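**Student:** Let me give you the structure first, and then I'll get to my questions.
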Amino acid sequence: MIELTQLVVEADSYFKSHVEKDVWETLDEETKLSLLNKSQTIILDVLDLRNDVFEKFIFKYAIFEQAIYLKTIDKERSRLQSQGVISYKIDDISFSMQATAFNPLVKEMLKKYIYIKMGEIE
């Protein structure tokens, strides 16, 4: 686990040039800590990661992306799902409302550090 107080400082720096900069900057320290802690927990619960990833910048960036996902995209999805929306279509684009709090970008960022299950030995 990464020390969260230092992680907030690094996240603040990361979000200075991020598309969701305005969202991050409106958050208080307690909310940032909470989002980062929850994000790290979700990533560790969902992905079976190799130990060498924890010292890499990409792991921190994944935590930051998961945190902003929890704050933005997932809130909107949760609101729509609570109203009974399971999918919707605009012109030729259709959207499916998956019930997940996990950012697919995080899996892409960390995919080379995920243990791959090759099969079972009997």
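Just remember, in the structure tokens the first chain shown is A, the second B, etc., residues are 1-based per chain, and ligands are 1-based in the order shown.
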What parts of stretch 36-91 of chain A does DSSP call strand (DSSP E or B)? I'd like the answer as a ChimeraX atom specification.

**Tutor:** /A:49,87-90

**Student:** Put those residues in a file: N, CA and C atoms, as a compact mmCIF listing (two decimals), in the first residue's frame.

**Tutor:**
# COMPACT_ATOMS: atom_id res chain seq x y z
N LEU A 49 -1.95 -8.38 -9.40
CA LEU A 49 -0.78 -7.68 -9.92
C LEU A 49 0.53 -8.27 -9.41
N SER A 87 -29.51 0.67 -20.83
CA SER A 87 -28.80 1.04 -22.05
C SER A 87 -29.55 2.21 -22.69
N TYR A 88 -28.85 2.92 -23.57
CA TYR A 88 -29.51 3.97 -24.33
C TYR A 88 -28.78 4.18 -25.64
N LYS A 89 -29.48 4.82 -26.58
CA LYS A 89 -28.93 4.99 -27.92
C LYS A 89 -29.16 6.43 -28.37
N ILE A 90 -28.12 7.02 -28.93
CA ILE A 90 -28.20 8.35 -29.51
C ILE A 90 -27.71 8.23 -30.95

**Student:** For A:Asp28, which residue among A:Asp45, A:Ile86, A:Lys16, A:Val8 is the nearest when counting only C-alpha atoms?

**Tutor:**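 When distances to A:Asp28 are compared using only C-alpha atoms, the smallest one comes from A:Val8.
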
**Student:** Quick one: pull the distance between atom CA of A:Lys60 and atom CA of A:Lys21, Å, one decimal.

**Tutor:**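 Interatomic distance here is 16.6 Å.
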
**Student:** Just want the 12 Å neighbourhood of A:Tyr61, counted on only C-alpha atoms, with same-chain residues fewer than 3 positions away dropped. Output as JSON, numbers by chain.

**Tutor:** {"A": [7, 8, 10, 11, 12, 13, 14, 15, 18, 36, 39, 40, 43, 53, 54, 55, 56, 57, 58, 64, 65, 66, 67, 68, 105, 106, 107, 108, 109, 110]}

**Student:** Given only C-alpha atoms as the basis, pick out the residue of A:Glu25, A:Gly84, A:Ile114, A:Phe102 nearest to A:Lys38.

**Tutor:**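 Of the candidates, the smallest distance to A:Lys38 is held by A:Phe102.
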
**Student:** Between A:Ile73, A:Ala101, A:Ile93, A:Leu4, single out the one closest to A:Glu29, counting only C-alpha atoms.

**Tutor:** A:Leu4

**Student:** Excluding A:Thr41 and residues on its chain fewer than 5 positions from it, collect all residues at most 10 Å away from it, counting only C-alpha atoms, and give them as a list in words.

**Tutor:**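 Close residues of A:Thr41: Met1, Leu35, Leu36, Val46 and Ile63 of chain A.
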
**Student:** Could you pull out the residues in stretch 22-75 of chain A that DSSP calls alpha helix (DSSP H) from the backbone, as a VMD selection string?

**Tutor:** chain A and resid 22 to 25 29 to 46 57 to 71 73 to 75

**Student:** Write the selection just made, keeping C-alpha atoms, as a CSV table (one decimal), in the first residue's frame?

**Tutor:**
chain,number,residue,atom,x,y,z
A,22,ASP,CA,-11.4,21.3,-12.5
A,23,VAL,CA,-13.1,18.4,-10.8
A,24,TRP,CA,-10.0,17.4,-8.8
A,25,GLU,CA,-9.2,20.9,-7.7
A,29,GLU,CA,-8.1,16.9,1.2
A,30,GLU,CA,-10.3,14.5,3.1
A,31,THR,CA,-12.3,13.6,-0.1
A,32,LYS,CA,-9.0,13.2,-2.1
A,33,LEU,CA,-7.6,10.9,0.6
A,34,SER,CA,-10.9,8.9,0.6
A,35,LEU,CA,-11.0,8.5,-3.2
A,36,LEU,CA,-7.3,7.5,-3.5
A,37,ASN,CA,-7.7,5.0,-0.7
A,38,LYS,CA,-10.8,3.5,-2.2
A,39,SER,CA,-9.2,3.4,-5.7
A,40,GLN,CA,-6.1,1.6,-4.5
A,41,THR,CA,-8.3,-0.9,-2.7
A,42,ILE,CA,-10.4,-1.5,-5.7
A,43,ILE,CA,-7.4,-2.0,-8.0
A,44,LEU,CA,-5.8,-4.4,-5.6
A,45,ASP,CA,-9.1,-6.3,-5.2
A,46,VAL,CA,-9.9,-6.6,-8.9
A,57,PHE,CA,4.7,5.5,-11.7
A,58,ILE,CA,2.1,3.7,-13.8
A,59,PHE,CA,0.6,2.2,-10.6
A,60,LYS,CA,0.2,5.6,-9.1
A,61,TYR,CA,-1.3,6.9,-12.3
A,62,ALA,CA,-3.8,4.1,-12.3
A,63,ILE,CA,-4.8,5.0,-8.8
A,64,PHE,CA,-5.3,8.6,-9.9
A,65,GLU,CA,-7.4,7.6,-12.9
A,66,GLN,CA,-9.5,5.2,-10.8
A,67,ALA,CA,-10.1,8.0,-8.3
A,68,ILE,CA,-11.3,10.5,-10.9
A,69,TYR,CA,-13.5,7.8,-12.4
A,70,LEU,CA,-15.2,7.2,-9.1
A,71,LYS,CA,-15.8,10.9,-8.7
A,73,ILE,CA,-18.1,8.9,-14.7
A,74,ASP,CA,-19.3,6.4,-12.1
A,75,LYS,CA,-21.5,8.9,-10.4

**Student:** Using only C-alpha atoms, find the one residue out of A:Leu47, A:Leu80, A:Ile2, A:Val19 that sits nearest to A:Lys117.

**Tutor:**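 Smallest distance to A:Lys117 is found for A:Leu47.
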
**Student:** Report, in Å with one decimal, the straight-line distance from atom CA of A:Glu20 to atom CA of A:Asp91.

**Tutor:** 26.6 Å
